[in-house]
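Have a look at data-v7.cif below; it lists mmCIF, C-alpha atoms.
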data_target
loop_
_atom_site.label_atom_id
_atom_site.label_comp_id
_atom_site.auth_asym_id
_atom_site.auth_seq_id
_atom_site.Cartn_x
_atom_site.Cartn_y
_atom_site.Cartn_z
CA ALA A 2 -10.20 19.74 32.36
CA GLN A 3 -9.07 22.54 34.60
CA SER A 4 -6.76 25.12 33.09
CA VAL A 5 -5.55 28.62 33.76
CA THR A 6 -4.49 31.16 31.17
CA GLN A 7 -2.40 34.19 31.89
CA PRO A 8 -2.21 35.89 28.50
CA ASP A 9 0.51 38.39 29.42
CA ILE A 10 3.95 36.84 29.81
CA HIS A 11 5.65 40.11 30.69
CA ILE A 12 4.25 43.49 31.78
CA THR A 13 6.18 46.68 32.41
CA VAL A 14 4.72 49.59 34.34
CA SER A 15 6.07 52.75 35.88
CA GLU A 16 6.16 53.11 39.62
CA GLY A 17 2.94 54.72 40.82
CA ALA A 18 0.94 53.53 37.83
CA SER A 19 -2.03 51.22 38.13
CA LEU A 20 -1.71 47.52 37.37
CA GLU A 21 -4.00 44.81 36.10
CA LEU A 22 -2.84 41.24 35.54
CA ARG A 23 -5.22 39.04 33.61
CA CYS A 24 -6.25 35.53 34.45
CA ASN A 25 -8.83 33.31 32.76
CA TYR A 26 -9.73 29.84 33.93
CA SER A 27 -11.55 26.81 32.71
CA TYR A 28 -13.28 24.72 35.33
CA GLY A 29 -16.44 22.68 35.39
CA ALA A 30 -17.68 23.69 38.83
CA THR A 31 -17.32 26.62 41.20
CA PRO A 32 -13.61 27.30 41.24
CA TYR A 33 -11.34 28.13 44.08
CA LEU A 34 -9.10 30.89 42.76
CA PHE A 35 -5.75 32.16 43.95
CA TRP A 36 -3.05 34.65 43.14
CA TYR A 37 0.52 33.96 44.22
CA VAL A 38 3.66 36.07 43.94
CA GLN A 39 7.18 34.74 43.54
CA SER A 40 10.40 36.65 44.02
CA PRO A 41 13.50 35.33 42.20
CA GLY A 42 14.73 32.03 43.57
CA GLN A 43 12.00 31.90 46.20
CA GLY A 44 8.86 29.96 46.87
CA LEU A 45 5.36 31.28 46.29
CA GLN A 46 3.52 33.63 48.61
CA LEU A 47 -0.26 33.80 48.62
CA LEU A 48 -1.61 37.25 47.76
CA LEU A 49 -5.32 36.52 47.91
CA LYS A 50 -7.93 33.87 47.32
CA TYR A 51 -11.56 33.53 46.32
CA PHE A 52 -13.88 30.74 47.43
CA SER A 53 -17.33 32.28 47.55
CA GLY A 54 -19.23 35.41 48.54
CA ASP A 55 -18.12 38.90 47.61
CA THR A 56 -16.56 38.75 44.16
CA LEU A 57 -14.07 41.50 44.96
CA VAL A 58 -11.42 40.17 47.28
CA GLN A 59 -8.72 42.09 49.05
CA GLY A 60 -5.27 40.69 49.57
CA ILE A 61 -1.94 41.59 51.05
CA LYS A 62 0.32 44.37 49.80
CA GLY A 63 -2.60 46.43 48.50
CA PHE A 64 -3.68 43.94 45.85
CA GLU A 65 -7.25 43.05 45.00
CA ALA A 66 -8.89 40.73 42.50
CA GLU A 67 -12.35 40.45 41.06
CA PHE A 68 -14.07 37.19 40.20
CA LYS A 69 -16.27 37.45 37.11
CA ARG A 70 -18.07 34.21 36.50
CA SER A 71 -19.53 35.32 33.16
CA GLN A 72 -16.05 35.98 31.82
CA SER A 73 -14.30 33.13 33.67
CA SER A 74 -11.81 35.69 34.87
CA PHE A 75 -10.01 36.56 38.08
CA ASN A 76 -7.90 39.61 37.31
CA LEU A 77 -5.45 41.03 39.81
CA ARG A 78 -5.27 44.78 40.34
CA LYS A 79 -3.32 47.34 42.27
CA PRO A 80 -4.03 51.08 42.06
CA SER A 81 -0.42 52.22 42.51
CA VAL A 82 2.54 49.95 41.91
CA HIS A 83 5.68 50.10 44.03
CA TRP A 84 9.14 49.10 42.83
CA SER A 85 9.08 46.23 45.34
CA ASP A 86 6.13 44.70 43.47
CA ALA A 87 8.46 43.57 40.69
CA ALA A 88 8.16 39.78 40.71
CA GLU A 89 6.40 36.96 38.92
CA TYR A 90 2.70 36.50 39.53
CA PHE A 91 0.79 33.26 39.22
CA CYS A 92 -2.92 32.68 39.00
CA ALA A 93 -4.20 29.28 40.11
CA VAL A 94 -7.44 27.34 40.21
CA GLY A 95 -8.13 24.63 42.71
CA ALA A 96 -10.52 21.76 43.04
CA SER A 97 -12.23 20.94 46.29
CA ARG A 98 -11.73 17.55 47.80
CA GLY A 99 -14.27 17.25 50.54
CA SER A 100 -13.33 19.84 53.13
CA THR A 101 -9.87 20.44 51.78
CA LEU A 102 -8.15 21.78 48.73
CA GLY A 103 -7.29 19.19 46.13
CA ARG A 104 -5.24 19.68 43.05
CA LEU A 105 -4.07 23.22 42.34
CA TYR A 106 -3.39 24.19 38.72
CA PHE A 107 -1.31 27.21 37.78
CA GLY A 108 -1.05 29.56 34.86
CA ARG A 109 2.28 30.20 33.18
CA GLY A 110 2.89 33.35 35.18
CA THR A 111 3.26 37.05 34.39
CA GLN A 112 6.59 38.71 34.98
CA LEU A 113 6.14 42.26 36.27
CA THR A 114 8.85 44.85 35.76
CA VAL A 115 8.53 48.21 37.48
CA TRP A 116 10.33 51.27 36.14
CA PRO A 117 11.37 53.92 38.63
CA SER B 2 2.15 27.48 63.26
CA GLN B 3 2.62 25.41 60.18
CA THR B 4 5.95 25.39 58.38
CA ILE B 5 7.32 23.57 55.40
CA HIS B 6 10.95 22.62 54.95
CA GLN B 7 12.45 21.74 51.62
CA TRP B 8 16.06 20.81 50.97
CA PRO B 9 18.55 21.16 49.54
CA ALA B 10 18.15 24.69 48.21
CA THR B 11 20.44 24.08 45.25
CA LEU B 12 21.79 20.92 43.71
CA VAL B 13 24.07 20.16 40.79
CA GLN B 14 24.00 16.55 39.65
CA PRO B 15 25.54 14.72 36.68
CA VAL B 16 23.38 13.03 34.10
CA GLY B 17 22.57 9.47 35.13
CA SER B 18 22.98 10.07 38.85
CA PRO B 19 20.16 9.47 41.36
CA LEU B 20 18.09 12.18 42.98
CA SER B 21 16.36 12.57 46.32
CA LEU B 22 14.63 15.79 47.34
CA GLU B 23 12.92 15.89 50.69
CA CYS B 24 10.05 17.96 51.98
CA THR B 25 8.66 17.94 55.50
CA VAL B 26 5.75 19.79 57.03
CA GLU B 27 5.35 20.78 60.66
CA GLY B 28 2.36 21.92 62.63
CA THR B 29 -0.38 20.13 60.77
CA SER B 30 -1.61 16.59 60.30
CA ASN B 31 -2.78 14.71 57.24
CA PRO B 32 -1.95 17.48 54.77
CA ASN B 33 -2.29 17.13 51.04
CA LEU B 34 1.22 17.27 49.62
CA TYR B 35 2.38 18.36 46.18
CA TRP B 36 5.53 18.44 44.07
CA TYR B 37 5.68 21.03 41.32
CA ARG B 38 8.36 21.75 38.76
CA GLN B 39 8.89 25.19 37.38
CA ALA B 40 10.66 25.68 34.06
CA ALA B 41 11.41 29.12 32.70
CA GLY B 42 8.36 30.64 31.03
CA ARG B 43 6.27 27.54 31.59
CA GLY B 44 4.68 28.15 34.94
CA LEU B 45 4.31 25.45 37.54
CA GLN B 46 3.71 21.91 36.45
CA LEU B 47 2.11 19.60 38.98
CA LEU B 48 4.21 16.44 39.14
CA PHE B 49 2.80 14.48 42.07
CA TYR B 50 0.00 14.83 44.52
CA SER B 51 -0.58 12.88 47.73
CA VAL B 52 -3.61 12.79 50.01
CA GLY B 53 -2.15 10.36 52.53
CA ILE B 54 0.68 7.99 53.46
CA GLY B 55 1.57 5.78 50.53
CA GLN B 56 -1.00 7.47 48.26
CA ILE B 57 0.62 9.12 45.26
CA SER B 58 -1.01 10.47 42.12
CA SER B 59 1.24 11.13 39.17
CA GLU B 60 0.16 13.93 36.90
CA VAL B 61 2.56 13.43 34.02
CA PRO B 62 4.71 10.52 32.84
CA GLN B 63 8.34 11.26 33.48
CA ASN B 64 11.67 10.16 34.87
CA LEU B 65 10.69 10.96 38.44
CA SER B 66 8.84 9.24 41.26
CA ALA B 67 7.49 10.33 44.62
CA SER B 68 6.94 8.65 47.95
CA ARG B 69 5.24 9.55 51.19
CA PRO B 70 6.69 7.32 53.89
CA GLN B 71 5.28 9.42 56.74
CA ASP B 72 2.29 11.69 57.11
CA ARG B 73 4.31 14.88 56.81
CA GLN B 74 7.18 13.76 54.60
CA PHE B 75 7.19 13.83 50.83
CA ILE B 76 10.17 12.69 48.77
CA LEU B 77 10.88 13.25 45.10
CA SER B 78 13.28 10.76 43.52
CA SER B 79 14.89 9.66 40.33
CA LYS B 80 17.09 6.64 39.62
CA LYS B 81 18.87 8.29 36.69
CA LEU B 82 18.66 12.01 36.04
CA LEU B 83 18.25 13.44 32.56
CA LEU B 84 19.30 16.88 31.38
CA SER B 85 15.62 17.72 30.97
CA ASP B 86 15.09 17.20 34.70
CA SER B 87 16.79 20.53 35.40
CA GLY B 88 14.47 23.08 36.91
CA PHE B 89 13.11 24.60 40.07
CA TYR B 90 11.21 22.12 42.23
CA LEU B 91 8.65 23.27 44.73
CA CYS B 92 6.98 21.30 47.47
CA ALA B 93 3.63 22.47 48.79
CA TRP B 94 1.04 21.40 51.30
CA SER B 95 -2.61 22.20 51.74
CA SER B 96 -5.32 21.66 54.26
CA SER B 97 -8.59 23.47 54.36
CA PHE B 98 -8.52 25.75 51.32
CA GLU B 99 -5.08 27.18 51.10
CA ALA B 100 -1.74 25.93 49.77
CA PHE B 101 1.64 26.82 51.20
CA PHE B 102 4.95 26.46 49.41
CA GLY B 103 8.49 25.65 50.39
CA GLN B 104 11.41 27.76 49.25
CA GLY B 105 12.22 25.45 46.37
CA THR B 106 15.22 23.47 45.12
CA ARG B 107 17.15 24.61 42.08
CA LEU B 108 18.30 21.42 40.33
CA THR B 109 20.87 21.62 37.56
CA VAL B 110 21.71 18.43 35.73
CA VAL B 111 25.05 18.61 33.94
#
Turn this file's structure into structure tokens for me.
Amino acid sequence: AQSVTQPDIHITVSEGASLELRCNYSYGATPYLFWYVQSPGQGLQLLLKYFSGDTLVQGIKGFEAEFKRSQSSFNLRKPSVHWSDAAEYFCAVGASRGSTLGRLYFGRGTQLTVWP
Amino acid sequence: SQTIHQWPATLVQPVGSPLSLECTVEGTSNPNLYWYRQAAGRGLQLLFYSVGIGQISSEVPQNLSASRPQDRQFILSSKKLLLSDSGFYLCAWSSSFEAFFGQGTRLTVV
């Protein structure tokens, strides 16, 4: 069965420091992988996605993620964190359903706190 | 462009009362539609998933039901709310290989 693990529930970094949020998945076929960000009381915004091709994907707001099939990981990174990056981050894995996205499964989320 | 509308934004309901949350999508046809519930520290739980009118897949047994009376309308319902139904409910749609979320409904059952 598909599953997503985000081992870090809460991460605190200083503004300007680098960031890496971990994500591991379990999926029987080639996964479709996503990172979303959620501000308090809001919906989810897509940061980036991986379907195929280059394993290093660039997203919005300076984020990037690297797909490592051998480690079943899709970690999110940012070289220099801004205070506005404080939010909750969700990793997700999706199944394909023909030419569309089927079910999308989420990890438990990582809450990011940024110190000034 | 595609947009997704979800309402109400917040809702306080007594235990045992009915529930109806509505989600509509504009600018696309035949989307896949989803209802998720988010509880603190537990991520997003997929509740229902629909690939077409009248087609509903339930992911977990619970006190809730879903319906899709029109192509771009997805409704989450309950006949009698429980305290454990409190949470943040998110509607989402997908076509191609991307999913888009509504702004969510904060439901508090008292």
Pull the neighbourhood of (-9.9, 28.8, 33.5) for me: all residues within 6 Å in file coordinates, counting only C-alpha atoms, as a ChimeraX atom specification. /A:4-5,25-28
Those same residues - C-alpha atoms - I'd like them written as a PDB file, in the frame of the given file.
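The result, stored in result_26.pdb:
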ATOM      1  CA  SER A   4      -6.760  25.120  33.090  1.00  0.00           C
ATOM      2  CA  VAL A   5      -5.550  28.620  33.760  1.00  0.00           C
ATOM      3  CA  ASN A  25      -8.830  33.310  32.760  1.00  0.00           C
ATOM      4  CA  TYR A  26      -9.730  29.840  33.930  1.00  0.00           C
ATOM      5  CA  SER A  27     -11.550  26.810  32.710  1.00  0.00           C
ATOM      6  CA  TYR A  28     -13.280  24.720  35.330  1.00  0.00           C
TER       7      TYR A  28
END
Determine which residues of chain B sit within 6 Å of chain A, taking into account only C-alpha atoms, and present them as a PyMOL selection string. chain B and resi 43-45+96-98+102-105
For the residues in that selection, give me C-alpha atoms as a PDB file, in the frame of the given file.
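As a result, selection-v4.pdb now contains:
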ATOM      1  CA  ARG B  43       6.270  27.540  31.590  1.00  0.00           C
ATOM      2  CA  GLY B  44       4.680  28.150  34.940  1.00  0.00           C
ATOM      3  CA  LEU B  45       4.310  25.450  37.540  1.00  0.00           C
ATOM      4  CA  SER B  96      -5.320  21.660  54.260  1.00  0.00           C
ATOM      5  CA  SER B  97      -8.590  23.470  54.360  1.00  0.00           C
ATOM      6  CA  PHE B  98      -8.520  25.750  51.320  1.00  0.00           C
ATOM      7  CA  PHE B 102       4.950  26.460  49.410  1.00  0.00           C
ATOM      8  CA  GLY B 103       8.490  25.650  50.390  1.00  0.00           C
ATOM      9  CA  GLN B 104      11.410  27.760  49.250  1.00  0.00           C
ATOM     10  CA  GLY B 105      12.220  25.450  46.370  1.00  0.00           C
TER      11      GLY B 105
END
Quick one: everything within 12 Å of A:Leu57, counting only C-alpha atoms, minus sequence neighbours fewer than 5 positions away in the same chain. Send it as JSON, numbers by chain. {"A": [34, 49, 50, 51, 52, 64, 65, 66, 67, 68, 69, 70, 74, 75, 76, 77, 78]}
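Take atom CA of B:Trp94 and atom CA of B:Leu34: the distance between them is 4.5 Å.
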Taking the file above as input, evaluate the PyMOL selection byres ((chain B and resi 71-81) around 8) and report the hits as a list in words.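 Answer for the PyMOL selection byres ((chain B and resi 71-81) around 8): Val16, Gly17, Ser18, Pro19, Leu20, Ser21, Leu22, Glu23, Cys24, Thr25, Val26, Glu27, Ser30, Asn31, Pro32, Leu34, Trp36, Gly53, Ile54, Asn64, Leu65, Ser66, Ala67, Ser68, Arg69, Pro70, Leu82 and Leu83 of chain B.
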Residues picked by the PyMOL selection byres ((chain B and resi 61) around 12) here, as JSON, numbers by chain? {"B": [36, 37, 38, 46, 47, 48, 49, 50, 58, 59, 60, 62, 63, 64, 65, 66]}
Grab the residues selected above and save them as an mmCIF file, in the frame of the given file with C-alpha atoms.
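Dumped everything to again.cif:
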data_model
loop_
_atom_site.group_PDB
_atom_site.id
_atom_site.type_symbol
_atom_site.label_atom_id
_atom_site.label_comp_id
_atom_site.auth_asym_id
_atom_site.auth_seq_id
_atom_site.Cartn_x
_atom_site.Cartn_y
_atom_site.Cartn_z
ATOM 1 C CA TRP B 36 5.530 18.440 44.070
ATOM 2 C CA TYR B 37 5.680 21.030 41.320
ATOM 3 C CA ARG B 38 8.360 21.750 38.760
ATOM 4 C CA GLN B 46 3.710 21.910 36.450
ATOM 5 C CA LEU B 47 2.110 19.600 38.980
ATOM 6 C CA LEU B 48 4.210 16.440 39.140
ATOM 7 C CA PHE B 49 2.800 14.480 42.070
ATOM 8 C CA TYR B 50 0.000 14.830 44.520
ATOM 9 C CA SER B 58 -1.010 10.470 42.120
ATOM 10 C CA SER B 59 1.240 11.130 39.170
ATOM 11 C CA GLU B 60 0.160 13.930 36.900
ATOM 12 C CA PRO B 62 4.710 10.520 32.840
ATOM 13 C CA GLN B 63 8.340 11.260 33.480
ATOM 14 C CA ASN B 64 11.670 10.160 34.870
ATOM 15 C CA LEU B 65 10.690 10.960 38.440
ATOM 16 C CA SER B 66 8.840 9.240 41.260
#
Please list as a list in words every residue within 9 Å of A:Leu20, counting only C-alpha atoms and excluding residues in the same chain fewer than 2 positions away.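 The residues that qualify are Val14, Ala18, Leu22, Leu77, Arg78, Lys79, Pro80, Ser81 and Val82 of chain A.
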Using all atoms listed in the file for the distances, tell me which of B:Asp86, B:Thr106, B:Ser95, B:Ala100 is nearest to B:Pro15. B:Asp86
Atom pair atom CA of B:Gln56 / atom CA of B:Ala93: separation (Å):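 We find that atom CA of B:Gln56 and atom CA of B:Ala93 lie 15.7 Å from each other.
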Interatomic distance (Å, one decimal) between atom CA of B:Thr4 and atom CA of B:Ala40: 24.8 Å
With only C-alpha atoms as the counted atoms, please give the residues lying no more than 10 Å from A:Thr13, apart from itself and same-chain residues fewer than 3 positions off, as JSON, numbers by chain. {"A": [16, 20, 87, 112, 113, 114, 115, 116]}
Just so the selection is clear, what residues does the PyMOL selection byres ((chain B and resi 10) around 7) cover here, as a PyMOL selection string? chain B and resi 8-9+11-12+105-107
Fill-in result for stretch 37-48 of chain B, all heavy atoms as a short mmCIF file (atom, residue, chain, number, x, y, z; two decimals), in the frame of the given file:
data_model
loop_
_atom_site.label_atom_id
_atom_site.label_comp_id
_atom_site.auth_asym_id
_atom_site.auth_seq_id
_atom_site.Cartn_x
_atom_site.Cartn_y
_atom_site.Cartn_z
N TYR B 37 5.79 20.30 42.57
CA TYR B 37 5.68 21.03 41.32
C TYR B 37 7.07 21.24 40.74
O TYR B 37 8.06 21.34 41.47
CB TYR B 37 5.07 22.42 41.54
CG TYR B 37 3.60 22.44 41.85
CD1 TYR B 37 3.15 22.32 43.16
CD2 TYR B 37 2.67 22.59 40.83
CE1 TYR B 37 1.79 22.34 43.44
CE2 TYR B 37 1.31 22.63 41.11
CZ TYR B 37 0.88 22.50 42.42
OH TYR B 37 -0.46 22.53 42.69
N ARG B 38 7.12 21.35 39.42
CA ARG B 38 8.36 21.75 38.76
C ARG B 38 8.07 23.02 37.97
O ARG B 38 7.05 23.14 37.31
CB ARG B 38 8.88 20.67 37.82
CG ARG B 38 10.15 21.10 37.06
CD ARG B 38 10.80 19.93 36.36
NE ARG B 38 9.92 19.29 35.40
CZ ARG B 38 10.11 18.06 34.94
NH1 ARG B 38 11.14 17.34 35.36
NH2 ARG B 38 9.27 17.54 34.08
N GLN B 39 9.03 23.91 38.06
CA GLN B 39 8.89 25.19 37.38
C GLN B 39 10.02 25.33 36.37
O GLN B 39 11.19 25.35 36.74
CB GLN B 39 8.94 26.33 38.39
CG GLN B 39 8.68 27.69 37.80
CD GLN B 39 8.66 28.76 38.88
OE1 GLN B 39 9.19 28.58 39.97
NE2 GLN B 39 8.04 29.89 38.58
N ALA B 40 9.69 25.42 35.11
CA ALA B 40 10.66 25.68 34.06
C ALA B 40 10.43 27.10 33.57
O ALA B 40 9.31 27.61 33.62
CB ALA B 40 10.51 24.68 32.93
N ALA B 41 11.47 27.72 33.12
CA ALA B 41 11.41 29.12 32.70
C ALA B 41 10.30 29.33 31.67
O ALA B 41 10.25 28.64 30.66
CB ALA B 41 12.75 29.57 32.14
N GLY B 42 9.42 30.29 31.97
CA GLY B 42 8.36 30.64 31.03
C GLY B 42 7.27 29.60 30.88
O GLY B 42 6.42 29.72 30.00
N ARG B 43 7.27 28.60 31.74
CA ARG B 43 6.27 27.54 31.59
C ARG B 43 5.42 27.37 32.82
O ARG B 43 4.66 26.43 32.92
CB ARG B 43 6.97 26.22 31.24
CG ARG B 43 7.71 26.28 29.92
CD ARG B 43 8.33 24.95 29.58
NE ARG B 43 7.33 23.89 29.42
CZ ARG B 43 7.63 22.63 29.20
NH1 ARG B 43 8.88 22.26 29.09
NH2 ARG B 43 6.69 21.73 29.06
N GLY B 44 5.53 28.25 33.77
CA GLY B 44 4.68 28.15 34.94
C GLY B 44 5.04 26.98 35.81
O GLY B 44 6.14 26.44 35.76
N LEU B 45 4.09 26.56 36.62
CA LEU B 45 4.31 25.45 37.54
C LEU B 45 3.56 24.23 37.04
O LEU B 45 2.35 24.28 36.83
CB LEU B 45 3.83 25.81 38.94
CG LEU B 45 4.73 26.74 39.73
CD1 LEU B 45 4.43 28.18 39.38
CD2 LEU B 45 4.55 26.51 41.22
N GLN B 46 4.30 23.16 36.90
CA GLN B 46 3.71 21.91 36.45
C GLN B 46 3.54 20.98 37.64
O GLN B 46 4.53 20.69 38.34
CB GLN B 46 4.61 21.27 35.40
CG GLN B 46 4.09 19.96 34.85
CD GLN B 46 5.09 19.30 33.91
OE1 GLN B 46 6.30 19.39 34.12
NE2 GLN B 46 4.58 18.64 32.90
N LEU B 47 2.34 20.53 37.89
CA LEU B 47 2.11 19.60 38.98
C LEU B 47 2.66 18.24 38.60
O LEU B 47 2.27 17.66 37.58
CB LEU B 47 0.61 19.51 39.27
CG LEU B 47 0.20 18.55 40.39
CD1 LEU B 47 0.81 18.98 41.72
CD2 LEU B 47 -1.32 18.48 40.50
N LEU B 48 3.59 17.73 39.40
CA LEU B 48 4.21 16.44 39.14
C LEU B 48 3.52 15.32 39.91
O LEU B 48 3.15 14.30 39.33
CB LEU B 48 5.69 16.48 39.53
CG LEU B 48 6.56 17.52 38.86
CD1 LEU B 48 7.98 17.47 39.44
CD2 LEU B 48 6.61 17.30 37.36
#
